[in-house]
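Chemist: Sharing start_28.txt, compact mmCIF, N, CA and C atoms:
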# COMPACT_ATOMS: atom_id res chain seq x y z
N MET Q 1 4.02 65.99 -19.38
CA MET Q 1 5.01 66.92 -19.90
C MET Q 1 5.94 66.18 -20.87
N ILE Q 2 6.19 66.81 -22.01
CA ILE Q 2 7.07 66.21 -23.00
C ILE Q 2 8.51 66.38 -22.56
N ARG Q 3 9.23 65.30 -22.61
CA ARG Q 3 10.64 65.34 -22.26
C ARG Q 3 11.45 65.63 -23.51
N LYS Q 4 12.24 66.68 -23.49
CA LYS Q 4 13.04 67.05 -24.65
C LYS Q 4 14.37 66.33 -24.62
N LYS Q 5 14.79 65.88 -25.80
CA LYS Q 5 16.13 65.34 -25.93
C LYS Q 5 16.69 65.78 -27.27
N ILE Q 6 17.94 66.01 -27.31
CA ILE Q 6 18.60 66.44 -28.54
C ILE Q 6 18.62 65.25 -29.49
N LEU Q 7 18.09 65.46 -30.68
CA LEU Q 7 17.97 64.38 -31.65
C LEU Q 7 19.27 64.10 -32.40
N LYS Q 8 20.04 65.15 -32.67
CA LYS Q 8 21.32 64.99 -33.35
C LYS Q 8 22.37 65.81 -32.61
N PRO Q 9 22.97 65.23 -31.59
CA PRO Q 9 23.93 65.98 -30.78
C PRO Q 9 25.08 66.59 -31.57
N ASP Q 10 25.44 65.99 -32.69
CA ASP Q 10 26.54 66.51 -33.49
C ASP Q 10 26.13 67.69 -34.36
N ARG Q 11 24.84 68.08 -34.31
CA ARG Q 11 24.35 69.17 -35.14
C ARG Q 11 23.66 70.25 -34.31
N VAL Q 12 23.99 70.39 -33.05
CA VAL Q 12 23.39 71.42 -32.19
C VAL Q 12 23.85 72.79 -32.67
N ARG Q 13 22.88 73.70 -32.84
CA ARG Q 13 23.21 75.05 -33.31
C ARG Q 13 24.03 75.80 -32.27
N CYS Q 14 24.95 76.62 -32.76
CA CYS Q 14 25.68 77.53 -31.89
C CYS Q 14 25.84 78.84 -32.65
N PRO Q 15 25.82 79.96 -31.94
CA PRO Q 15 25.83 81.24 -32.63
C PRO Q 15 27.08 81.50 -33.48
N GLY Q 16 28.20 80.94 -33.13
CA GLY Q 16 29.42 81.19 -33.90
C GLY Q 16 29.73 82.67 -33.99
N ASN Q 17 30.24 83.10 -35.15
CA ASN Q 17 30.61 84.50 -35.33
C ASN Q 17 29.50 85.33 -35.97
N GLY Q 18 28.39 84.70 -36.34
CA GLY Q 18 27.29 85.41 -36.98
C GLY Q 18 26.41 86.13 -35.98
N PHE Q 19 25.52 86.96 -36.51
CA PHE Q 19 24.64 87.74 -35.66
C PHE Q 19 23.17 87.49 -35.94
N ALA Q 20 22.84 86.56 -36.85
CA ALA Q 20 21.45 86.31 -37.21
C ALA Q 20 20.65 85.94 -35.97
N PHE Q 21 19.54 86.62 -35.79
CA PHE Q 21 18.75 86.42 -34.59
C PHE Q 21 17.31 86.85 -34.85
N VAL Q 22 16.37 85.99 -34.53
CA VAL Q 22 14.95 86.33 -34.59
C VAL Q 22 14.37 85.99 -33.23
N PRO Q 23 13.82 86.98 -32.52
CA PRO Q 23 13.28 86.71 -31.19
C PRO Q 23 12.07 85.78 -31.24
N HIS Q 24 11.86 85.01 -30.21
CA HIS Q 24 10.73 84.10 -30.13
C HIS Q 24 9.40 84.84 -30.28
N ARG Q 25 9.34 86.09 -29.83
CA ARG Q 25 8.13 86.92 -29.98
C ARG Q 25 7.72 87.06 -31.44
N PHE Q 26 8.65 86.92 -32.36
CA PHE Q 26 8.33 87.01 -33.79
C PHE Q 26 7.25 85.99 -34.14
N LEU Q 27 7.32 84.83 -33.52
CA LEU Q 27 6.32 83.78 -33.74
C LEU Q 27 5.12 83.96 -32.82
N THR Q 28 5.35 84.10 -31.53
CA THR Q 28 4.26 84.07 -30.56
C THR Q 28 3.39 85.32 -30.56
N ASP Q 29 3.92 86.45 -31.00
CA ASP Q 29 3.14 87.70 -30.97
C ASP Q 29 2.55 88.07 -32.33
N GLY Q 30 2.58 87.15 -33.27
CA GLY Q 30 1.87 87.36 -34.54
C GLY Q 30 2.64 88.06 -35.64
N PHE Q 31 3.91 88.34 -35.44
CA PHE Q 31 4.68 89.00 -36.50
C PHE Q 31 4.81 88.11 -37.73
N LEU Q 32 5.13 86.84 -37.53
CA LEU Q 32 5.27 85.92 -38.64
C LEU Q 32 3.99 85.85 -39.47
N GLN Q 33 2.86 85.72 -38.79
CA GLN Q 33 1.58 85.60 -39.48
C GLN Q 33 1.18 86.89 -40.20
N SER Q 34 1.72 88.01 -39.78
CA SER Q 34 1.34 89.30 -40.38
C SER Q 34 2.06 89.59 -41.69
N LEU Q 35 3.07 88.79 -42.03
CA LEU Q 35 3.89 89.08 -43.21
C LEU Q 35 3.46 88.26 -44.42
N SER Q 36 3.54 88.89 -45.59
CA SER Q 36 3.36 88.16 -46.84
C SER Q 36 4.61 87.31 -47.06
N ARG Q 37 4.55 86.41 -48.00
CA ARG Q 37 5.73 85.56 -48.25
C ARG Q 37 6.92 86.38 -48.72
N HIS Q 38 6.70 87.45 -49.50
CA HIS Q 38 7.81 88.29 -49.96
C HIS Q 38 8.36 89.12 -48.81
N GLU Q 39 7.48 89.62 -47.95
CA GLU Q 39 7.96 90.36 -46.78
C GLU Q 39 8.79 89.45 -45.89
N LEU Q 40 8.32 88.23 -45.69
CA LEU Q 40 9.05 87.28 -44.85
C LEU Q 40 10.42 86.95 -45.46
N ALA Q 41 10.45 86.72 -46.77
CA ALA Q 41 11.73 86.43 -47.43
C ALA Q 41 12.71 87.59 -47.26
N LEU Q 42 12.23 88.81 -47.47
CA LEU Q 42 13.10 89.97 -47.33
C LEU Q 42 13.54 90.14 -45.88
N TYR Q 43 12.63 89.96 -44.93
CA TYR Q 43 12.99 90.10 -43.52
C TYR Q 43 14.07 89.09 -43.13
N VAL Q 44 13.88 87.83 -43.52
CA VAL Q 44 14.88 86.80 -43.18
C VAL Q 44 16.21 87.13 -43.84
N PHE Q 45 16.19 87.57 -45.09
CA PHE Q 45 17.42 87.95 -45.77
C PHE Q 45 18.14 89.05 -44.98
N LEU Q 46 17.41 90.09 -44.60
CA LEU Q 46 18.03 91.21 -43.89
C LEU Q 46 18.54 90.79 -42.52
N VAL Q 47 17.82 89.91 -41.84
CA VAL Q 47 18.30 89.40 -40.55
C VAL Q 47 19.62 88.65 -40.74
N LEU Q 48 19.68 87.82 -41.77
CA LEU Q 48 20.90 87.04 -42.03
C LEU Q 48 22.06 87.91 -42.49
N ALA Q 49 21.75 88.98 -43.21
CA ALA Q 49 22.80 89.84 -43.76
C ALA Q 49 23.28 90.89 -42.76
N ALA Q 50 22.52 91.13 -41.71
CA ALA Q 50 22.81 92.22 -40.79
C ALA Q 50 23.99 91.94 -39.87
N ASP Q 51 24.62 93.01 -39.44
CA ASP Q 51 25.66 92.91 -38.43
C ASP Q 51 25.01 92.91 -37.05
N LYS Q 52 25.81 93.00 -36.00
CA LYS Q 52 25.27 92.92 -34.63
C LYS Q 52 24.32 94.07 -34.29
N ASN Q 53 24.35 95.15 -35.06
CA ASN Q 53 23.45 96.27 -34.84
C ASN Q 53 22.23 96.24 -35.77
N GLY Q 54 22.12 95.17 -36.54
CA GLY Q 54 20.99 95.04 -37.46
C GLY Q 54 21.20 95.76 -38.78
N LEU Q 55 22.41 96.21 -39.07
CA LEU Q 55 22.69 97.00 -40.27
C LEU Q 55 23.14 96.13 -41.43
N SER Q 56 22.67 96.45 -42.62
CA SER Q 56 23.07 95.76 -43.84
C SER Q 56 23.22 96.76 -44.97
N PHE Q 57 24.27 96.56 -45.78
CA PHE Q 57 24.54 97.44 -46.91
C PHE Q 57 24.19 96.78 -48.24
N TYR Q 58 23.53 95.63 -48.23
CA TYR Q 58 23.17 94.99 -49.50
C TYR Q 58 22.30 95.93 -50.32
N GLY Q 59 22.57 96.00 -51.60
CA GLY Q 59 21.81 96.87 -52.49
C GLY Q 59 20.52 96.22 -52.98
N ASP Q 60 19.61 97.06 -53.43
CA ASP Q 60 18.32 96.59 -53.90
C ASP Q 60 18.46 95.54 -55.01
N LYS Q 61 19.33 95.78 -55.97
CA LYS Q 61 19.49 94.87 -57.11
C LYS Q 61 19.98 93.50 -56.65
N THR Q 62 20.93 93.48 -55.73
CA THR Q 62 21.44 92.21 -55.21
C THR Q 62 20.36 91.46 -54.45
N ILE Q 63 19.64 92.17 -53.61
CA ILE Q 63 18.58 91.53 -52.82
C ILE Q 63 17.52 90.96 -53.75
N ARG Q 64 17.08 91.74 -54.72
CA ARG Q 64 16.07 91.25 -55.67
C ARG Q 64 16.56 89.99 -56.38
N SER Q 65 17.82 90.00 -56.78
CA SER Q 65 18.39 88.85 -57.48
C SER Q 65 18.43 87.61 -56.59
N VAL Q 66 18.94 87.77 -55.39
CA VAL Q 66 19.04 86.63 -54.47
C VAL Q 66 17.67 86.06 -54.14
N LEU Q 67 16.69 86.92 -53.92
CA LEU Q 67 15.35 86.47 -53.54
C LEU Q 67 14.46 86.14 -54.73
N GLY Q 68 14.92 86.48 -55.94
CA GLY Q 68 14.13 86.21 -57.13
C GLY Q 68 12.85 87.01 -57.20
N LEU Q 69 12.92 88.26 -56.75
CA LEU Q 69 11.74 89.13 -56.73
C LEU Q 69 11.76 90.12 -57.89
N THR Q 70 10.58 90.41 -58.41
CA THR Q 70 10.45 91.49 -59.38
C THR Q 70 10.64 92.81 -58.66
N ASP Q 71 10.86 93.87 -59.42
CA ASP Q 71 10.98 95.20 -58.81
C ASP Q 71 9.74 95.52 -57.97
N GLU Q 72 8.55 95.24 -58.53
CA GLU Q 72 7.30 95.57 -57.84
C GLU Q 72 7.15 94.78 -56.55
N ALA Q 73 7.43 93.47 -56.60
CA ALA Q 73 7.30 92.61 -55.41
C ALA Q 73 8.28 93.06 -54.33
N TYR Q 74 9.50 93.41 -54.74
CA TYR Q 74 10.51 93.85 -53.79
C TYR Q 74 10.10 95.17 -53.13
N ILE Q 75 9.66 96.12 -53.91
CA ILE Q 75 9.25 97.42 -53.35
C ILE Q 75 8.06 97.25 -52.41
N PHE Q 76 7.12 96.41 -52.79
CA PHE Q 76 5.96 96.13 -51.95
C PHE Q 76 6.40 95.51 -50.62
N ALA Q 77 7.31 94.53 -50.68
CA ALA Q 77 7.80 93.87 -49.46
C ALA Q 77 8.57 94.85 -48.58
N ARG Q 78 9.46 95.63 -49.18
CA ARG Q 78 10.25 96.60 -48.42
C ARG Q 78 9.34 97.64 -47.76
N THR Q 79 8.38 98.16 -48.51
CA THR Q 79 7.44 99.14 -47.97
C THR Q 79 6.61 98.53 -46.85
N GLY Q 80 6.19 97.29 -47.03
CA GLY Q 80 5.41 96.61 -46.00
C GLY Q 80 6.18 96.46 -44.70
N LEU Q 81 7.45 96.07 -44.78
CA LEU Q 81 8.26 95.92 -43.58
C LEU Q 81 8.50 97.26 -42.89
N ILE Q 82 8.64 98.30 -43.67
CA ILE Q 82 8.82 99.64 -43.10
C ILE Q 82 7.54 100.06 -42.38
N HIS Q 83 6.40 99.87 -43.02
CA HIS Q 83 5.11 100.25 -42.40
C HIS Q 83 4.80 99.41 -41.17
N LYS Q 84 5.29 98.19 -41.14
CA LYS Q 84 5.06 97.31 -39.99
C LYS Q 84 6.11 97.56 -38.90
N ASP Q 85 6.96 98.55 -39.11
CA ASP Q 85 7.95 98.99 -38.13
C ASP Q 85 8.98 97.91 -37.80
N LEU Q 86 9.33 97.09 -38.80
CA LEU Q 86 10.32 96.04 -38.60
C LEU Q 86 11.69 96.42 -39.13
N ILE Q 87 11.73 97.32 -40.12
CA ILE Q 87 13.00 97.79 -40.68
C ILE Q 87 12.91 99.28 -40.97
N VAL Q 88 14.08 99.89 -41.13
CA VAL Q 88 14.17 101.23 -41.71
C VAL Q 88 15.17 101.13 -42.86
N HIS Q 89 15.01 102.05 -43.81
CA HIS Q 89 15.87 102.05 -45.00
C HIS Q 89 16.06 103.50 -45.41
N ASP Q 90 17.32 103.90 -45.59
CA ASP Q 90 17.59 105.29 -45.96
C ASP Q 90 17.95 105.45 -47.43
N GLY Q 91 17.70 104.42 -48.23
CA GLY Q 91 18.06 104.45 -49.64
C GLY Q 91 19.33 103.69 -49.92
N VAL Q 92 20.17 103.51 -48.92
CA VAL Q 92 21.43 102.77 -49.05
C VAL Q 92 21.54 101.69 -47.98
N LEU Q 93 21.26 102.07 -46.77
CA LEU Q 93 21.47 101.23 -45.60
C LEU Q 93 20.14 100.73 -45.05
N PHE Q 94 20.10 99.45 -44.68
CA PHE Q 94 18.95 98.88 -43.99
C PHE Q 94 19.30 98.69 -42.52
N GLN Q 95 18.31 98.81 -41.66
CA GLN Q 95 18.47 98.42 -40.27
C GLN Q 95 17.26 97.58 -39.88
N VAL Q 96 17.52 96.36 -39.41
CA VAL Q 96 16.48 95.53 -38.82
C VAL Q 96 16.28 96.05 -37.41
N LEU Q 97 15.04 96.40 -37.08
CA LEU Q 97 14.74 97.01 -35.79
C LEU Q 97 14.34 95.98 -34.75
N SER Q 98 14.45 96.35 -33.48
CA SER Q 98 13.87 95.51 -32.44
C SER Q 98 12.36 95.47 -32.70
N LEU Q 99 11.72 94.39 -32.27
CA LEU Q 99 10.30 94.25 -32.54
C LEU Q 99 9.49 95.30 -31.81
N PRO Q 100 8.50 95.89 -32.49
CA PRO Q 100 7.62 96.85 -31.83
C PRO Q 100 6.73 96.13 -30.81
N ALA Q 101 5.97 96.88 -30.05
CA ALA Q 101 5.12 96.30 -29.01
C ALA Q 101 4.10 95.32 -29.58
N HIS Q 102 3.57 95.61 -30.77
CA HIS Q 102 2.53 94.77 -31.36
C HIS Q 102 2.78 94.59 -32.85
N ALA Q 103 2.35 93.44 -33.37
CA ALA Q 103 2.43 93.20 -34.81
C ALA Q 103 1.38 94.03 -35.52
N HIS Q 104 1.76 94.65 -36.62
CA HIS Q 104 0.84 95.42 -37.45
C HIS Q 104 0.28 94.50 -38.52
N GLN Q 105 -1.00 94.52 -38.70
CA GLN Q 105 -1.63 93.65 -39.71
C GLN Q 105 -1.64 94.29 -41.04
Starting from the file, give its structure as structure tokens.

Modeler:
Amino acid sequence: MIRKKILKPDRVRCPGNGFAFVPHRFLTDGFLQSLSRHELALYVFLVLAADKNGLSFYGDKTIRSVLGLTDEAYIFARTGLIHKDLIVHDGVLFQVLSLPAHAHQ
């Protein structure tokens, strides 16, 4: 059994006042592997931008600019995340959802 030890005790992560959170199931249940690089970039952005309820008001233009995505790549990524049941978007507001039972390929 591998014995774990903290490598840099002065740099241990703590949640602080932020709400960014990705469940371990995102990796172990295949969600990470199911996403394109643009979908993953958008998902991570929305997780980081979201409040404690998963809500974000960042606009499409700002998100595209921050991520360096073309309109087409952004729309494809957003649509992909919606179809994979990871986010919802009402045209203004995004919500990062709890993970569904299974990753959609």

Chemist: Report as a list of chain:residue names all protein, DNA and RNA residues lying within 12 Å of Q:Leu27, evaluated on only C-alpha atoms, omitting residues in the same chain fewer than 4 positions from it.

Modeler: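 My list of contacting residues is Q:Val22, Q:Pro23, Q:Phe31, Q:Leu32, Q:Gln33, Q:Ser34, Q:Leu35, Q:Leu40, Q:Leu99, Q:His102, Q:Ala103.
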
Chemist: Choose the residue, out of Q:Ile6, Q:Leu67, Q:Phe76, Q:Leu86, that has the smallest atom-to-atom separation from Q:Ala41; count all atoms listed in the file.

Modeler: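 Going through Q:Ile6, Q:Leu67, Q:Phe76, Q:Leu86 one by one, the smallest distance to Q:Ala41 is for Q:Leu67.
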
Chemist: One decimal, Å: what's the distance from atom C of Q:Ile75 over to atom C of Q:Leu93, could you say?

Modeler: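 Separating atom C of Q:Ile75 from atom C of Q:Leu93 is a distance of 14.6 Å.
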
Chemist: Calculate how many Å separate atom C of Q:Arg3 from atom CA of Q:Ala20, rounding to one decimal.

Modeler: 26.7 Å

Chemist: Find the spatial neighbours of stretch 50-57 of chain Q, counting only C-alpha atoms, within a cut-off of 8 Å - ignore same-chain residues fewer than 5 positions away - and output them as a ChimeraX atom specification.

Modeler: /Q:18-20,92-97

Chemist: Can you work out the spacing between atom CA of Q:Ala77 and atom CA of Q:Arg25 in Å, to one decimal?

Modeler: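 Going from atom CA of Q:Ala77 over to atom CA of Q:Arg25, I get 20.7 Å.
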
Chemist: What are the DSSP strand (DSSP E) residues of chain Q, as a PDB file with N, CA and C atoms, in the frame of the given file?

Modeler:
ATOM      1  N   LEU Q  55      22.410  96.210 -39.070  1.00  0.00           N
ATOM      2  CA  LEU Q  55      22.690  97.000 -40.270  1.00  0.00           C
ATOM      3  C   LEU Q  55      23.140  96.130 -41.430  1.00  0.00           C
ATOM      4  N   SER Q  56      22.670  96.450 -42.620  1.00  0.00           N
ATOM      5  CA  SER Q  56      23.070  95.760 -43.840  1.00  0.00           C
ATOM      6  C   SER Q  56      23.220  96.760 -44.970  1.00  0.00           C
ATOM      7  N   ILE Q  87      11.730  97.320 -40.120  1.00  0.00           N
ATOM      8  CA  ILE Q  87      13.000  97.790 -40.680  1.00  0.00           C
ATOM      9  C   ILE Q  87      12.910  99.280 -40.970  1.00  0.00           C
ATOM     10  N   VAL Q  88      14.080  99.890 -41.130  1.00  0.00           N
ATOM     11  CA  VAL Q  88      14.170 101.230 -41.710  1.00  0.00           C
ATOM     12  C   VAL Q  88      15.170 101.130 -42.860  1.00  0.00           C
ATOM     13  N   HIS Q  89      15.010 102.050 -43.810  1.00  0.00           N
ATOM     14  CA  HIS Q  89      15.870 102.050 -45.000  1.00  0.00           C
ATOM     15  C   HIS Q  89      16.060 103.500 -45.410  1.00  0.00           C
ATOM     16  N   PHE Q  94      20.100  99.450 -44.680  1.00  0.00           N
ATOM     17  CA  PHE Q  94      18.950  98.880 -43.990  1.00  0.00           C
ATOM     18  C   PHE Q  94      19.300  98.690 -42.520  1.00  0.00           C
ATOM     19  N   GLN Q  95      18.310  98.810 -41.660  1.00  0.00           N
ATOM     20  CA  GLN Q  95      18.470  98.420 -40.270  1.00  0.00           C
ATOM     21  C   GLN Q  95      17.260  97.580 -39.880  1.00  0.00           C
ATOM     22  N   VAL Q  96      17.520  96.360 -39.410  1.00  0.00           N
ATOM     23  CA  VAL Q  96      16.480  95.530 -38.820  1.00  0.00           C
ATOM     24  C   VAL Q  96      16.280  96.050 -37.410  1.00  0.00           C
TER      25      VAL Q  96
END

Chemist: With all atoms listed in the file as the counted atoms, please give the residues lying no more than 6.5 Å from Q:Leu81, apart from itself and same-chain residues fewer than 6 positions off, as a VMD selection string.

Modeler: chain Q and resid 39 87 to 88

Chemist: Among stretch 9-51 of chain Q, which residues carry a DSSP assignment of alpha helix (DSSP H), reported as a PyMOL selection string?

Modeler: chain Q and resi 25-28+31-34+37-49

Chemist: Around the point (15.4, 93.2, -57.4), in the coordinates given by the file, pick out the residues reaching within 12 Å, counting only C-alpha atoms, and return them as a list in words.

Modeler: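 Selection result: His38, Leu42, Tyr58, Gly59, Asp60, Lys61, Thr62, Ile63, Arg64, Ser65, Val66, Leu67, Gly68, Leu69, Thr70, Asp71, Glu72, Ala73, Tyr74, Ile75, Phe76, Ala77 and Arg78 of chain Q.
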
Chemist: Ranking Q:Val47, Q:Cys14, Q:Ile2, Q:Leu7 by minimum distance to Q:Ser98 and counting only C-alpha atoms, which one comes first?

Modeler: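 Ranked by minimum distance to Q:Ser98, first place goes to Q:Val47.
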